[in-house]
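*Asks:* Sharing a structure with you now.
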Amino acid sequence: MRHARGFTLLELLIALAIFALVGAMAFGGLKGVLDQKEHTMAQSQRLSDLQKAYRIMQRDLEQMVSRKIRNEFGDQVDALVGGSGFNGVEFSRAGYANPAGFLRSDIQRVAYIPDQETLLRRTWRVLDRAQDTRPDEQVLVEGMQRFSMRFLDKDNEWQDQWPPQSAVTGGATIGFPRAVEVQLELDDVGTLSWLFPLPQNAVATPQPPAGQNTGTEGGETGATGQPAAQGATP
């Protein structure tokens, strides 16, 4: 009988070692591709979120109107306040969508507030607030280390707060800044600087005289300066 020759144990071990090495290399390459894909998707989603935050902020600032409000304590607050002495920025804007046709103003009060590592967008459903008025909150940016704003006045000088300190101490009437610069310092992106030009021809909304009953909730008026209809929904 002729004996058939097979593989020796050493040859089998060498073959298995080669296959294991090839498999490890293939797995490492595949894992690298999958990790790169996941990183790219995460960066793409991060960029999309930042672009969305930019568009929302741009839309709000470009529709700013000169409408003062009263806060929860009954104090009058300017149409735009921000910077030193105020945590973030708060202002009135037009274009408050009303698809359901509620009897309310089309002006909305908006604020951007840094809260730990997030940037919040707060909105109020009424302009002149009561003590129990609560804002709606939306997380706009996450992973944030620093949020700051500065304002370009009519003399092309940057101010760290608005109204400027000179206007506050002198009692002068001042309109809107020419532009607003927003700086965001993010964990994974670094520092972003956004520059938003502001409307210079906004029509001031007439304020109701002190103590006069306008027939609206909180003396709220529409964008045209006329009182909103009675029974405004908060």
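Chains: A, B, ... in order of the structure tokens. Residues: from 1 per chain. Ligands: from 1, in order shown.
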For Arg70 of chain A, find every residue with an atom within 8 Å (counting only C-alpha atoms), except residues of its own chain fewer than 5 positions away, and show them as a list of chain:residue names.
*Replies:*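 In the requested form, the answer reads A:Asp75, A:Gln76, A:Val77, A:Leu127, A:Asp128, A:Arg129.
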*Asks:* Quick one: write out the picked residues with N, CA and C atoms as an mmCIF file, in the first residue's frame?
*Replies:*
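The result, stored in again24.cif:
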data_model
loop_
_atom_site.group_PDB
_atom_site.id
_atom_site.type_symbol
_atom_site.label_atom_id
_atom_site.label_comp_id
_atom_site.auth_asym_id
_atom_site.auth_seq_id
_atom_site.Cartn_x
_atom_site.Cartn_y
_atom_site.Cartn_z
ATOM 1 N N ASP A 75 -40.569 95.911 36.157
ATOM 2 C CA ASP A 75 -39.582 96.887 35.702
ATOM 3 C C ASP A 75 -39.548 96.931 34.180
ATOM 4 N N GLN A 76 -39.362 98.131 33.637
ATOM 5 C CA GLN A 76 -39.267 98.279 32.195
ATOM 6 C C GLN A 76 -37.876 97.874 31.715
ATOM 7 N N VAL A 77 -37.835 97.075 30.658
ATOM 8 C CA VAL A 77 -36.585 96.566 30.092
ATOM 9 C C VAL A 77 -36.497 97.035 28.653
ATOM 10 N N LEU A 127 -45.337 89.481 25.907
ATOM 11 C CA LEU A 127 -44.268 90.473 25.982
ATOM 12 C C LEU A 127 -44.086 90.993 27.399
ATOM 13 N N ASP A 128 -45.165 91.504 27.988
ATOM 14 C CA ASP A 128 -45.109 92.025 29.352
ATOM 15 C C ASP A 128 -45.457 90.883 30.300
ATOM 16 N N ARG A 129 -44.475 90.442 31.071
ATOM 17 C CA ARG A 129 -44.595 89.204 31.815
ATOM 18 C C ARG A 129 -45.200 89.417 33.199
#
*Asks:* Do a neighbour search on Val141 of chain A at 7 Å with only C-alpha atoms, toss out local chain neighbours closer than 4 positions, and write the hits as a list in words.
*Replies:*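 The residues that qualify are Leu50, Ala53, Thr118 and Leu119 of chain A.
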*Asks:* Restricting the calculation to only C-alpha atoms: of A:Asp49, A:Asp106, A:Glu72, A:Glu11, which residue gets closest to Gln131 of chain A?
*Replies:* A:Glu72
*Asks:* With only C-alpha atoms as the counted atoms, please give the residues lying no more than 8 Å from segment 148-151 of chain A, apart from itself and same-chain residues fewer than 6 positions off, as number ranges by chain.
*Replies:* A: 82-83, 88, 158-162, 177-184
*Asks:* Write down as a list in words the residues of segment 54-107 of chain A whose backbone DSSP state falls under strand (DSSP E or B).
*Replies:*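 Written out, the strand (DSSP E or B) residues of segment 54-107 of chain A are Met64, Ile69, Arg70, Gln76, Val77, Leu80, Val81, Gly82, Val89, Glu90, Phe91, Ser92 and Arg93 of chain A.
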*Asks:* With only C-alpha atoms as the counted atoms, please give the residues lying no more than 12 Å from Ala130 of chain A, apart from itself and same-chain residues fewer than 2 positions off, as a list in words.
*Replies:*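 Non-adjacent residues within range: Ile69, Arg70, Asn71, Glu72, Phe73, Gly74, Asp75, Trp124, Arg125, Val126, Leu127, Asp128, Asp132, Thr133, Arg134, Pro135, Glu217, Gly218, Gly219 and Pro234 of chain A.
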*Asks:* Excluding Thr191 of chain A and residues on its chain fewer than 5 positions from it, collect all residues at most 10 Å away from it, counting only C-alpha atoms, and give them as a tab-separated table (two decimals) with N, CA and C atoms, in the first residue's frame.
*Replies:*
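The resulting file, part_5.tsv, is shown below:
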chain	number	residue	atom	x	y	z
A	144	MET	N	-20.12	73.80	25.05
A	144	MET	CA	-19.64	75.18	24.96
A	144	MET	C	-18.88	75.55	26.23
A	145	GLN	N	-17.73	76.17	26.06
A	145	GLN	CA	-16.92	76.62	27.18
A	145	GLN	C	-17.13	78.10	27.49
A	146	ARG	N	-17.38	78.90	26.46
A	146	ARG	CA	-17.52	80.36	26.67
A	146	ARG	C	-18.46	80.94	25.63
A	147	PHE	N	-19.28	81.90	26.09
A	147	PHE	CA	-20.18	82.63	25.21
A	147	PHE	C	-20.04	84.11	25.52
A	183	GLN	N	-19.28	85.26	19.96
A	183	GLN	CA	-18.14	84.34	20.03
A	183	GLN	C	-18.51	83.13	20.87
A	184	LEU	N	-18.28	81.95	20.29
A	184	LEU	CA	-18.52	80.69	20.96
A	184	LEU	C	-17.21	79.91	21.02
A	185	GLU	N	-16.83	79.51	22.22
A	185	GLU	CA	-15.66	78.65	22.39
A	185	GLU	C	-16.15	77.24	22.68
A	186	LEU	N	-15.89	76.31	21.74
A	186	LEU	CA	-16.41	74.96	21.82
A	186	LEU	C	-15.30	73.97	22.10
*Asks:* Quick one: residues within 6 Å of Ile107 of chain A, only C-alpha atoms, excluding same-chain residues fewer than 3 positions away - as number ranges by chain?
*Replies:* A: 93-94, 96
*Asks:* If you keep N, CA and C atoms, can you produce a file of those selected residues as a tab-separated table (two decimals), in the first residue's frame?
*Replies:*
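Output saved as selection.tsv:
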chain	number	residue	atom	x	y	z
A	93	ARG	N	-38.34	90.72	18.94
A	93	ARG	CA	-38.25	90.47	17.50
A	93	ARG	C	-39.64	90.31	16.92
A	94	ALA	N	-39.77	90.71	15.65
A	94	ALA	CA	-41.03	90.55	14.93
A	94	ALA	C	-41.06	89.19	14.25
A	96	TYR	N	-43.29	86.70	14.76
A	96	TYR	CA	-43.70	85.59	15.62
A	96	TYR	C	-44.82	84.83	14.91
*Asks:* I'd like to know which of A:Gly23, A:Gly101, A:Pro114, A:Gly143 is closest to Val189 of chain A, using only C-alpha atoms.
*Replies:* A:Gly143
*Asks:* What is the atom CA of Ser166 of chain A to atom CA of Leu80 of chain A distance in Å?
*Replies:*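 Atom-to-atom, atom CA of Ser166 of chain A to atom CA of Leu80 of chain A, that is 15.6 Å.
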*Asks:* How would you write, as a PyMOL selection string, the set of residues in segment 1-231 of chain A that DSSP gives as alpha helix (DSSP H)?
*Replies:* chain A and resi 9-62+165-170
